[in-house]
$ cat input-v7.pdb   # PDB, C-alpha atoms and all ligand atoms
ATOM      1  CA  MET A  35      15.921 -13.522 -34.816
ATOM      2  CA  GLY A  36      14.772 -11.113 -32.125
ATOM      3  CA  LYS A  37      16.797 -10.666 -29.006
ATOM      4  CA  ARG A  38      15.441 -12.467 -25.956
ATOM      5  CA  LYS A  39      13.743  -9.984 -23.664
ATOM      6  CA  PRO A  40      15.621  -9.760 -20.380
ATOM      7  CA  ARG A  41      13.489 -11.048 -17.507
ATOM      8  CA  PRO A  42      15.015  -9.995 -14.234
ATOM      9  CA  TRP A  43      13.723 -10.638 -10.735
ATOM     10  CA  PRO A  44      11.118  -7.959 -10.034
ATOM     11  CA  ASP A  45      12.306  -4.938  -8.074
ATOM     12  CA  THR A  46      11.159  -4.719  -4.475
ATOM     13  CA  PRO A  47       7.936  -2.655  -4.478
ATOM     14  CA  GLU A  48       7.295   0.248  -2.099
ATOM     15  CA  PRO A  49       6.204  -1.054   1.323
ATOM     16  CA  LEU A  50       2.461  -1.544   1.727
ATOM     17  CA  ALA A  51       0.494   0.678   4.114
ATOM     18  CA  SER A  52      -0.205  -2.323   6.363
ATOM     19  CA  SER A  53       0.787  -5.971   6.551
ATOM     20  CA  VAL A  54      -0.839  -8.776   4.529
ATOM     21  CA  ILE A  55      -0.551 -12.554   4.225
ATOM     22  CA  ASP A  56       0.215 -14.510   1.040
ATOM     23  CA  ASN A  57      -2.274 -17.354   1.560
ATOM     24  CA  HIS A  58      -0.894 -19.608  -1.185
ATOM     25  CA  THR A  59       2.660 -19.883  -2.418
ATOM     26  CA  HIS A  60       5.207 -22.614  -3.070
ATOM     27  CA  LEU A  61       8.462 -21.778  -1.322
ATOM     28  CA  PRO A  62      11.499 -23.589  -2.716
ATOM     29  CA  VAL A  63      12.611 -26.408  -0.417
ATOM     30  CA  HIS A  64      15.664 -27.080  -2.585
ATOM     31  CA  GLU A  65      17.846 -24.599  -4.389
ATOM     32  CA  GLY A  66      17.110 -26.393  -7.625
ATOM     33  CA  GLU A  67      13.500 -25.148  -7.549
ATOM     34  CA  ILE A  68      14.375 -21.479  -7.543
ATOM     35  CA  PRO A  69      13.820 -20.125 -11.036
ATOM     36  CA  ARG A  70      16.588 -18.256 -12.773
ATOM     37  CA  ALA A  71      15.995 -14.738 -13.996
ATOM     38  CA  ASP A  72      18.726 -13.451 -16.256
ATOM     39  CA  GLY A  73      20.793 -16.358 -14.989
ATOM     40  CA  VAL A  74      20.335 -15.424 -11.336
ATOM     41  CA  LYS A  75      18.569 -17.309  -8.538
ATOM     42  CA  MET A  76      17.257 -15.362  -5.591
ATOM     43  CA  PRO A  77      17.952 -17.304  -2.385
ATOM     44  CA  LEU A  78      14.954 -18.097  -0.176
ATOM     45  CA  GLU A  79      16.327 -15.878   2.616
ATOM     46  CA  GLU A  80      16.367 -12.889   0.331
ATOM     47  CA  GLN A  81      12.868 -13.613  -0.977
ATOM     48  CA  LEU A  82      11.600 -13.690   2.603
ATOM     49  CA  GLU A  83      13.535 -10.591   3.624
ATOM     50  CA  ARG A  84      12.093  -8.630   0.700
ATOM     51  CA  ALA A  85       8.593  -9.876   1.600
ATOM     52  CA  ARG A  86       9.039  -8.583   5.161
ATOM     53  CA  GLN A  87      10.271  -5.253   3.808
ATOM     54  CA  VAL A  88       7.126  -4.712   1.739
ATOM     55  CA  GLY A  89       4.724  -5.921   4.453
ATOM     56  CA  VAL A  90       3.991  -9.465   3.276
ATOM     57  CA  THR A  91       4.972 -10.674   6.706
ATOM     58  CA  ARG A  92       3.372 -14.108   6.664
ATOM     59  CA  MET A  93       2.711 -16.777   4.071
ATOM     60  CA  ILE A  94       1.253 -20.243   3.607
ATOM     61  CA  SER A  95       3.442 -22.503   1.520
ATOM     62  CA  SER A  96       1.734 -25.450  -0.124
ATOM     63  CA  ALA A  97       3.514 -28.787  -0.396
ATOM     64  CA  CYS A  98       1.381 -30.903  -2.703
ATOM     65  CA  GLU A  99       3.768 -33.697  -3.672
ATOM     66  CA  LEU A 100       4.690 -36.388  -1.202
ATOM     67  CA  PRO A 101       8.495 -35.870  -1.184
ATOM     68  CA  TYR A 102       8.017 -32.201  -0.236
ATOM     69  CA  PHE A 103       5.905 -32.676   2.891
ATOM     70  CA  ASP A 104       8.637 -33.049   5.493
ATOM     71  CA  PRO A 105      11.136 -30.604   3.940
ATOM     72  CA  MET A 106       8.379 -27.955   3.798
ATOM     73  CA  LEU A 107       7.469 -28.529   7.448
ATOM     74  CA  GLU A 108      11.152 -28.145   8.342
ATOM     75  CA  LEU A 109      11.365 -24.969   6.267
ATOM     76  CA  ALA A 110       8.378 -23.519   8.155
ATOM     77  CA  ARG A 111       9.943 -24.388  11.512
ATOM     78  CA  ALA A 112      13.114 -22.582  10.494
ATOM     79  CA  HIS A 113      11.530 -19.371   9.149
ATOM     80  CA  GLU A 114       9.341 -16.905  10.958
ATOM     81  CA  GLY A 115       5.943 -16.217   9.460
ATOM     82  CA  VAL A 116       5.803 -19.368   7.320
ATOM     83  CA  ARG A 117       3.063 -21.975   7.707
ATOM     84  CA  VAL A 118       2.178 -24.958   5.547
ATOM     85  CA  ALA A 119      -0.702 -26.403   3.516
ATOM     86  CA  LEU A 120      -0.468 -30.115   2.673
ATOM     87  CA  ALA A 121      -2.241 -32.216   0.075
ATOM     88  CA  ILE A 122      -1.794 -34.505  -2.882
ATOM     89  CA  HIS A 123      -2.121 -32.276  -5.958
ATOM     90  CA  PRO A 124      -4.853 -33.464  -8.350
ATOM     91  CA  ASN A 125      -2.281 -34.230 -11.044
ATOM     92  CA  GLU A 126      -0.263 -36.206  -8.515
ATOM     93  CA  ALA A 127      -3.417 -38.058  -7.456
ATOM     94  CA  ALA A 128      -3.799 -39.338 -11.015
ATOM     95  CA  LEU A 129      -0.180 -40.543 -10.986
ATOM     96  CA  HIS A 130      -0.525 -42.246  -7.611
ATOM     97  CA  ALA A 131      -3.534 -44.074  -9.046
ATOM     98  CA  GLY A 132      -1.312 -45.303 -11.896
ATOM     99  CA  CYS A 133      -2.897 -43.085 -14.571
ATOM    100  CA  ALA A 134      -0.092 -41.766 -16.701
ATOM    101  CA  ASP A 135      -1.885 -41.329 -19.998
ATOM    102  CA  PRO A 136      -0.873 -38.368 -22.114
ATOM    103  CA  SER A 137      -2.846 -35.379 -20.882
ATOM    104  CA  PRO A 138      -5.169 -33.202 -23.006
ATOM    105  CA  ASP A 139      -2.389 -30.627 -23.326
ATOM    106  CA  GLY A 140      -0.069 -33.241 -24.844
ATOM    107  CA  LEU A 141       2.343 -33.728 -21.918
ATOM    108  CA  THR A 142       3.132 -37.249 -20.822
ATOM    109  CA  PRO A 143       3.287 -37.448 -17.045
ATOM    110  CA  GLN A 144       6.296 -39.200 -15.583
ATOM    111  CA  LEU A 145       5.624 -41.894 -13.052
ATOM    112  CA  ARG A 146       8.074 -41.345 -10.258
ATOM    113  CA  GLU A 147      10.369 -43.924  -8.754
ATOM    114  CA  HIS A 148       8.924 -43.285  -5.317
ATOM    115  CA  HIS A 149       5.450 -43.873  -6.667
ATOM    116  CA  ILE A 150       3.072 -45.257  -4.049
ATOM    117  CA  PRO A 151      -0.684 -46.050  -4.206
ATOM    118  CA  LEU A 152      -3.158 -43.205  -3.766
ATOM    119  CA  ASP A 153      -4.580 -44.425  -0.457
ATOM    120  CA  GLU A 154      -1.097 -44.530   1.078
ATOM    121  CA  ALA A 155      -0.329 -41.063  -0.266
ATOM    122  CA  LEU A 156      -3.558 -39.770   1.308
ATOM    123  CA  SER A 157      -2.656 -41.338   4.644
ATOM    124  CA  ALA A 158       0.708 -39.565   4.468
ATOM    125  CA  VAL A 159      -1.188 -36.255   4.270
ATOM    126  CA  GLU A 160      -3.516 -37.028   7.142
ATOM    127  CA  GLU A 161      -0.705 -38.271   9.408
ATOM    128  CA  ARG A 162       0.854 -34.813   9.274
ATOM    129  CA  LEU A 163      -2.243 -32.642   9.716
ATOM    130  CA  GLY A 164      -1.727 -32.422  13.482
ATOM    131  CA  ASP A 165       1.658 -30.765  13.008
ATOM    132  CA  PRO A 166       1.562 -27.254  14.524
ATOM    133  CA  MET A 167       2.996 -25.817  11.282
ATOM    134  CA  VAL A 168       0.011 -27.027   9.224
ATOM    135  CA  VAL A 169      -2.789 -24.459   8.850
ATOM    136  CA  ALA A 170      -4.607 -25.852   5.797
ATOM    137  CA  VAL A 171      -5.212 -28.826   3.541
ATOM    138  CA  GLY A 172      -4.252 -27.894  -0.018
ATOM    139  CA  GLU A 173      -4.047 -27.826  -2.827
ATOM    140  CA  SER A 174      -6.555 -30.511  -3.780
ATOM    141  CA  GLY A 175      -9.281 -30.482  -6.390
ATOM    142  CA  LEU A 176      -9.710 -31.210 -10.085
ATOM    143  CA  ASP A 177      -7.495 -30.421 -13.058
ATOM    144  CA  TYR A 178      -9.103 -31.253 -16.401
ATOM    145  CA  PHE A 179      -6.462 -29.267 -18.248
ATOM    146  CA  ARG A 180      -3.687 -31.686 -17.335
ATOM    147  CA  THR A 181      -5.545 -34.908 -16.785
ATOM    148  CA  ALA A 182      -7.857 -36.953 -18.993
ATOM    149  CA  ASP A 183     -10.038 -39.936 -18.041
ATOM    150  CA  PRO A 184      -9.458 -42.175 -16.113
ATOM    151  CA  GLY A 185      -7.128 -39.912 -14.113
ATOM    152  CA  ARG A 186     -10.134 -37.686 -13.436
ATOM    153  CA  GLU A 187     -11.792 -40.441 -11.435
ATOM    154  CA  ALA A 188      -8.685 -40.670  -9.274
ATOM    155  CA  GLN A 189      -8.780 -36.897  -8.834
ATOM    156  CA  LYS A 190     -12.371 -37.047  -7.654
ATOM    157  CA  GLU A 191     -11.585 -39.803  -5.184
ATOM    158  CA  SER A 192      -8.628 -37.825  -3.882
ATOM    159  CA  PHE A 193     -10.615 -34.575  -3.708
ATOM    160  CA  ARG A 194     -13.364 -36.281  -1.677
ATOM    161  CA  ALA A 195     -10.779 -37.686   0.714
ATOM    162  CA  HIS A 196      -9.219 -34.235   1.204
ATOM    163  CA  ILE A 197     -12.608 -32.601   1.867
ATOM    164  CA  GLU A 198     -13.277 -35.222   4.514
ATOM    165  CA  MET A 199      -9.881 -35.005   6.186
ATOM    166  CA  ALA A 200     -10.051 -31.187   6.273
ATOM    167  CA  ALA A 201     -13.392 -31.536   8.088
ATOM    168  CA  ARG A 202     -12.023 -34.140  10.509
ATOM    169  CA  HIS A 203      -9.107 -31.877  11.426
ATOM    170  CA  ASP A 204     -11.106 -28.637  11.319
ATOM    171  CA  LEU A 205      -8.721 -27.145   8.753
ATOM    172  CA  PRO A 206      -9.532 -24.913   5.783
ATOM    173  CA  LEU A 207      -9.270 -26.479   2.331
ATOM    174  CA  GLN A 208      -7.478 -24.857  -0.630
ATOM    175  CA  ILE A 209      -9.036 -25.929  -3.925
ATOM    176  CA  HIS A 210      -7.145 -26.292  -7.203
ATOM    177  CA  ASP A 211      -9.791 -26.012  -9.937
ATOM    178  CA  ARG A 212      -8.451 -25.873 -13.458
ATOM    179  CA  GLU A 213     -11.074 -26.094 -16.188
ATOM    180  CA  ALA A 214     -13.262 -28.108 -13.834
ATOM    181  CA  HIS A 215     -15.549 -25.487 -12.263
ATOM    182  CA  GLU A 216     -18.819 -27.397 -12.439
ATOM    183  CA  ASP A 217     -17.518 -30.695 -11.129
ATOM    184  CA  SER A 218     -15.535 -28.977  -8.354
ATOM    185  CA  ILE A 219     -18.654 -27.201  -7.127
ATOM    186  CA  GLU A 220     -20.782 -30.319  -7.426
ATOM    187  CA  LEU A 221     -18.339 -32.391  -5.415
ATOM    188  CA  LEU A 222     -18.121 -29.747  -2.712
ATOM    189  CA  ARG A 223     -21.906 -29.515  -2.542
ATOM    190  CA  GLU A 224     -22.025 -33.255  -2.080
ATOM    191  CA  CYS A 225     -19.215 -33.731   0.412
ATOM    192  CA  ALA A 226     -18.386 -30.511   2.290
ATOM    193  CA  ASN A 227     -20.116 -29.451   5.512
ATOM    194  CA  PRO A 228     -21.912 -26.122   5.278
ATOM    195  CA  ASP A 229     -19.533 -24.615   7.842
ATOM    196  CA  GLN A 230     -16.272 -25.833   6.244
ATOM    197  CA  ARG A 231     -13.794 -23.117   5.247
ATOM    198  CA  ILE A 232     -13.319 -23.495   1.499
ATOM    199  CA  VAL A 233     -10.852 -21.419  -0.552
ATOM    200  CA  PHE A 234     -10.711 -21.504  -4.350
ATOM    201  CA  HIS A 235      -7.006 -20.840  -4.732
ATOM    202  CA  CYS A 236      -6.073 -18.811  -7.821
ATOM    203  CA  PHE A 237      -9.765 -18.377  -8.558
ATOM    204  CA  SER A 238     -10.412 -18.530 -12.321
ATOM    205  CA  GLY A 239     -14.207 -18.583 -12.574
ATOM    206  CA  ASP A 240     -16.629 -15.995 -13.924
ATOM    207  CA  ALA A 241     -19.262 -13.839 -12.232
ATOM    208  CA  ALA A 242     -21.825 -16.674 -12.249
ATOM    209  CA  MET A 243     -19.414 -18.941 -10.391
ATOM    210  CA  ALA A 244     -18.573 -16.115  -8.016
ATOM    211  CA  SER A 245     -22.244 -15.884  -7.059
ATOM    212  CA  VAL A 246     -22.232 -19.582  -6.193
ATOM    213  CA  LEU A 247     -19.266 -18.947  -3.897
ATOM    214  CA  ALA A 248     -20.983 -15.929  -2.362
ATOM    215  CA  GLU A 249     -24.126 -17.953  -1.713
ATOM    216  CA  ARG A 250     -22.138 -20.698   0.021
ATOM    217  CA  GLY A 251     -19.746 -18.452   1.927
ATOM    218  CA  TRP A 252     -16.745 -19.928   0.081
ATOM    219  CA  TYR A 253     -13.652 -17.813  -0.465
ATOM    220  CA  ALA A 254     -11.948 -16.784  -3.713
ATOM    221  CA  SER A 255      -8.222 -16.153  -3.620
ATOM    222  CA  PHE A 256      -6.820 -13.912  -6.364
ATOM    223  CA  ALA A 257      -3.296 -14.034  -7.774
ATOM    224  CA  GLY A 258      -1.440 -12.049 -10.455
ATOM    225  CA  PRO A 259      -3.894 -12.833 -13.303
ATOM    226  CA  ILE A 260      -6.457 -10.407 -11.802
ATOM    227  CA  SER A 261      -4.128  -7.677 -13.122
ATOM    228  CA  TYR A 262      -3.802  -8.997 -16.697
ATOM    229  CA  PRO A 263      -5.610  -6.828 -19.271
ATOM    230  CA  ALA A 264      -7.398  -9.752 -20.974
ATOM    231  CA  ASN A 265      -8.991 -11.014 -17.738
ATOM    232  CA  GLU A 266     -12.115  -8.826 -17.704
ATOM    233  CA  ASP A 267     -14.237 -11.860 -16.739
ATOM    234  CA  LEU A 268     -12.103 -12.385 -13.691
ATOM    235  CA  ARG A 269     -12.539  -8.776 -12.606
ATOM    236  CA  GLN A 270     -16.296  -9.151 -13.060
ATOM    237  CA  ALA A 271     -16.169 -12.220 -10.844
ATOM    238  CA  PHE A 272     -14.195 -10.203  -8.307
ATOM    239  CA  ALA A 273     -16.883  -7.500  -8.382
ATOM    240  CA  ALA A 274     -19.598 -10.113  -7.788
ATOM    241  CA  LEU A 275     -18.013 -11.213  -4.499
ATOM    242  CA  PRO A 276     -18.484  -9.533  -1.134
ATOM    243  CA  PRO A 277     -15.132  -8.095   0.073
ATOM    244  CA  GLU A 278     -15.114 -10.380   3.100
ATOM    245  CA  LEU A 279     -14.794 -13.473   0.867
ATOM    246  CA  ILE A 280     -11.707 -12.273  -1.019
ATOM    247  CA  LEU A 281      -8.144 -13.424  -0.333
ATOM    248  CA  VAL A 282      -4.829 -12.675  -2.016
ATOM    249  CA  GLU A 283      -1.952 -14.952  -3.000
ATOM    250  CA  THR A 284       1.029 -15.298  -5.335
ATOM    251  CA  ASP A 285       1.027 -19.006  -6.271
ATOM    252  CA  ALA A 286       4.742 -18.251  -6.740
ATOM    253  CA  PRO A 287       6.909 -18.932  -8.606
ATOM    254  CA  TYR A 288       4.182 -18.579 -11.276
ATOM    255  CA  LEU A 289       1.551 -16.001 -12.230
ATOM    256  CA  THR A 290       3.534 -12.831 -11.597
ATOM    257  CA  PRO A 291       1.336  -9.702 -11.516
ATOM    258  CA  LEU A 292       1.785  -6.657 -13.702
ATOM    259  CA  PRO A 293       4.089  -4.867 -14.253
ATOM    260  CA  TRP A 294       6.390  -7.914 -13.916
ATOM    261  CA  ARG A 295       4.413 -10.513 -15.867
ATOM    262  CA  GLY A 296       6.785 -13.090 -17.358
ATOM    263  CA  CYS A 297       9.376 -12.680 -14.583
ATOM    264  CA  PRO A 298       9.652 -15.123 -11.670
ATOM    265  CA  ASN A 299       7.230 -14.531  -8.819
ATOM    266  CA  ALA A 300       7.765 -14.413  -5.057
ATOM    267  CA  SER A 301       5.708 -13.224  -2.081
ATOM    268  CA  TYR A 302       7.295  -9.749  -2.082
ATOM    269  CA  VAL A 303       5.853  -9.107  -5.561
ATOM    270  CA  MET A 304       2.321  -9.561  -4.164
ATOM    271  CA  ALA A 305       2.295  -5.889  -3.134
ATOM    272  CA  HIS A 306       1.329  -5.109  -6.739
ATOM    273  CA  THR A 307      -1.683  -7.441  -6.587
ATOM    274  CA  VAL A 308      -2.770  -5.914  -3.275
ATOM    275  CA  ARG A 309      -2.616  -2.419  -4.776
ATOM    276  CA  PHE A 310      -4.556  -3.608  -7.789
ATOM    277  CA  ILE A 311      -7.257  -5.019  -5.489
ATOM    278  CA  ALA A 312      -7.427  -1.727  -3.552
ATOM    279  CA  GLU A 313      -8.082   0.042  -6.849
ATOM    280  CA  LEU A 314     -10.792  -2.412  -7.858
ATOM    281  CA  TRP A 315     -12.461  -1.891  -4.487
ATOM    282  CA  GLY A 316     -11.999   1.848  -4.801
ATOM    283  CA  ILE A 317     -10.667   2.102  -1.250
ATOM    284  CA  SER A 318      -7.385   3.111   0.368
ATOM    285  CA  GLU A 319      -4.404   0.782   0.275
ATOM    286  CA  GLU A 320      -4.505   0.561   4.059
ATOM    287  CA  GLY A 321      -8.198  -0.330   4.017
ATOM    288  CA  ALA A 322      -7.579  -3.073   1.465
ATOM    289  CA  CYS A 323      -4.662  -4.513   3.478
ATOM    290  CA  MET A 324      -6.797  -4.606   6.612
ATOM    291  CA  GLN A 325      -9.733  -6.274   4.855
ATOM    292  CA  LEU A 326      -7.461  -8.893   3.247
ATOM    293  CA  ARG A 327      -5.642  -9.569   6.508
ATOM    294  CA  GLU A 328      -8.884  -9.921   8.437
ATOM    295  CA  ASN A 329     -10.272 -12.337   5.834
ATOM    296  CA  THR A 330      -7.107 -14.431   5.847
ATOM    297  CA  GLU A 331      -7.035 -14.673   9.640
ATOM    298  CA  ARG A 332     -10.725 -15.614   9.725
ATOM    299  CA  VAL A 333      -9.931 -18.583   7.475
ATOM    300  CA  TYR A 334      -6.546 -19.769   8.773
ATOM    301  CA  GLY A 335      -6.181 -18.221  12.226
ATOM    302  CA  SER A 336      -3.194 -16.130  13.247
ATOM    303  CA  TRP A 337       0.499 -16.894  13.786
TER     304      TRP A 337
HETATM  305 ZN    ZN B 401      -0.337 -23.662  -6.066
END
$ encode --input "input-v7.pdb" --output "structure tokens" --more "lines below"
Ligand SMILES: [Zn+2]
Amino acid sequence: MGKRKPRPWPDTPEPLASSVIDNHTHLPVHEGEIPRADGVKMPLEEQLERARQVGVTRMISSACELPYFDPMLELARAHEGVRVALAIHPNEAALHAGCADPSPDGLTPQLREHHIPLDEALSAVEERLGDPMVVAVGESGLDYFRTADPGREAQKESFRAHIEMAARHDLPLQIHDREAHEDSIELLRECANPDQRIVFHCFSGDAAMASVLAERGWYASFAGPISYPANEDLRQAFAALPPELILVETDAPYLTPLPWRGCPNASYVMAHTVRFIAELWGISEEGACMQLRENTERVYGSW
């Protein structure tokens, strides 16, 4: 048997030439959510301190399960630079609707003890959208990887409700679209206002989908996978988008960029993705930081 490859926490990268914002992450509200790397957990404070050191000075942390809403808002109040996105995750939407069939990938979802009906869960999102810490609705959307029929119907209902509440509160919407590109676009075409700020978080489409986004003025947010060698389609999609529609994120603790793929992710590691984007654009690191920062502030405002 081969020895397990050691997977440490990534080293802190060299500071970026200018500051940027991680527009989609999941900060740990409880210690138990911090992944271990070589047996070690990196406390939230240290993750944030490292992020500041490299120039990832602000971040939007998504709470997309009901029990995390209030702890995440408290976390944002207690830490400079942190703001919140709230939604019922599409896979949670299926559970709230009572759909716990085994998913196409073979996992059996667990219905939680605190399970409440979907409409009540959606109200719990909307009730909190006026909180000054909330800068976005997200992540909502469709996940056909994890959820089969009839859970997909619940996801669509939930997605529609999130599009509408984002419009009512004049907040940008972060879309989770996993193996559901066509239906996600169709639903947005149907329900979103032309002037709504729409972000495909962890964009995973191809160049054809990117042109749809470009046509509509919707944003694509890129995470670590843009740096993976196999993802040529994703880089072609990136190239098909105007620079002003591109955002950057970690989706931590997952999707760690090269050269730390397979290790836990955190906002400070995003410096690698930013540098990768600068290379793809063929511009200076400082130019890329400024473009990304400008785009992010156009969508979410400044804090
Ligand atoms: Zn996410």
$ residues_around --input "input-v7.pdb" --residues "Cys225 of chain A" --least-positions-apart "4" --cutoff "8 Å" --atoms "all atoms listed in the file" --output "PyMOL selection string"
chain A and resi 194+197-198+221
$ residues_around --input "input-v7.pdb" --residues "segment 315-318 of chain A" --least-positions-apart "3" --cutoff "12 Å" --atoms "all atoms listed in the file" --output "JSON, numbers by chain"
{"A": [50, 51, 52, 269, 270, 272, 273, 274, 275, 276, 277, 278, 280, 308, 309, 310, 311, 312, 321, 322, 323, 324, 325, 326]}
$ residues_around --input "input-v7.pdb" --residues "segment 106-110 of chain A" --least-positions-apart "6" --cutoff "7 Å" --atoms "only C-alpha atoms" --output "NGL selection string"
:A and (63 or 97 or 116-118 or 167)
$ write_last_selection --input "input-v7.pdb" --atoms "C-alpha atoms" --output "short mmCIF file (atom, residue, chain, number, x, y, z; two decimals), in the coordinates of the input"
data_model
loop_
_atom_site.label_atom_id
_atom_site.label_comp_id
_atom_site.auth_asym_id
_atom_site.auth_seq_id
_atom_site.Cartn_x
_atom_site.Cartn_y
_atom_site.Cartn_z
CA VAL A 63 12.61 -26.41 -0.42
CA ALA A 97 3.51 -28.79 -0.40
CA VAL A 116 5.80 -19.37 7.32
CA ARG A 117 3.06 -21.98 7.71
CA VAL A 118 2.18 -24.96 5.55
CA MET A 167 3.00 -25.82 11.28
#
$ resolve_selection --input "input-v7.pdb" --expression "the PyMOL selection byres (((chain A and resi 93) around 8) and not hetatm)" --output "JSON, numbers by chain"
{"A": [55, 56, 57, 58, 59, 90, 91, 92, 94, 95, 115, 116, 117, 301]}
$ write_last_selection --input "input-v7.pdb" --atoms "C-alpha atoms" --output "mmCIF file, in the frame of the given file"
data_model
loop_
_atom_site.group_PDB
_atom_site.id
_atom_site.type_symbol
_atom_site.label_atom_id
_atom_site.label_comp_id
_atom_site.auth_asym_id
_atom_site.auth_seq_id
_atom_site.Cartn_x
_atom_site.Cartn_y
_atom_site.Cartn_z
ATOM 1 C CA ILE A 55 -0.551 -12.554 4.225
ATOM 2 C CA ASP A 56 0.215 -14.510 1.040
ATOM 3 C CA ASN A 57 -2.274 -17.354 1.560
ATOM 4 C CA HIS A 58 -0.894 -19.608 -1.185
ATOM 5 C CA THR A 59 2.660 -19.883 -2.418
ATOM 6 C CA VAL A 90 3.991 -9.465 3.276
ATOM 7 C CA THR A 91 4.972 -10.674 6.706
ATOM 8 C CA ARG A 92 3.372 -14.108 6.664
ATOM 9 C CA ILE A 94 1.253 -20.243 3.607
ATOM 10 C CA SER A 95 3.442 -22.503 1.520
ATOM 11 C CA GLY A 115 5.943 -16.217 9.460
ATOM 12 C CA VAL A 116 5.803 -19.368 7.320
ATOM 13 C CA ARG A 117 3.063 -21.975 7.707
ATOM 14 C CA SER A 301 5.708 -13.224 -2.081
#
$ residues_near_ligand --input "input-v7.pdb" --ligand "ligand ZN 401 (chain B)" --cutoff "12 Å" --atoms "only C-alpha atoms and all ligand atoms" --output "VMD selection string"
chain A and resid 56 to 61 94 to 99 118 to 125 171 to 175 208 to 212 234 to 237 255 to 257 283 to 289
$ resolve_selection --input "input-v7.pdb" --expression "the PyMOL selection byres (((chain A and resi 128) around 10) and not hetatm)" --output "VMD selection string"
chain A and resid 122 to 127 129 to 135 143 145 152 177 180 to 192
$ atom_distance --input "input-v7.pdb" --atom1 "atom CA of Pro62 of chain A" --atom2 "atom CA of Glu331 of chain A"
24.0 Å
$ atom_distance --input "input-v7.pdb" --atom1 "atom CA of Arg84 of chain A" --atom2 "atom CA of Pro293 of chain A"
17.4 Å
$ atom_distance --input "input-v7.pdb" --atom1 "atom CA of Ala300 of chain A" --atom2 "atom CA of Gln81 of chain A"
6.6 Å
$ closest_residue --input "input-v7.pdb" --among "A:Thr330, A:Ser238, A:Thr290, A:Ser245" --to "Asp267 of chain A" --atoms "all atoms listed in the file"
A:Ser238
$ residues_around --input "input-v7.pdb" --residues "Arg202 of chain A" --least-positions-apart "3" --cutoff "12 Å" --atoms "only C-alpha atoms" --output "compact mmCIF listing (two decimals) with C-alpha atoms, in the frame of the given file"
# COMPACT_ATOMS: atom_id res chain seq x y z
CA GLU A 160 -3.52 -37.03 7.14
CA LEU A 163 -2.24 -32.64 9.72
CA GLY A 164 -1.73 -32.42 13.48
CA VAL A 171 -5.21 -28.83 3.54
CA ALA A 195 -10.78 -37.69 0.71
CA HIS A 196 -9.22 -34.24 1.20
CA ILE A 197 -12.61 -32.60 1.87
CA GLU A 198 -13.28 -35.22 4.51
CA MET A 199 -9.88 -35.01 6.19
CA LEU A 205 -8.72 -27.14 8.75
CA PRO A 206 -9.53 -24.91 5.78
CA LEU A 207 -9.27 -26.48 2.33
CA ALA A 226 -18.39 -30.51 2.29
CA ASN A 227 -20.12 -29.45 5.51
CA GLN A 230 -16.27 -25.83 6.24
$ residues_around --input "input-v7.pdb" --residues "Arg295 of chain A" --least-positions-apart "4" --cutoff "10 Å" --atoms "only C-alpha atoms" --output "PyMOL selection string"
chain A and resi 41+44+258-259+261-262+288-291+299
$ axis_aligned_box --input "input-v7.pdb" --around "segment 215-233 of chain A" --padding-each-side "4 Å" --output "JSON"
{"center_x": -16.4, "center_y": -27.6, "center_z": -2.3, "size_x": 19.2, "size_y": 20.3, "size_z": 28.3}
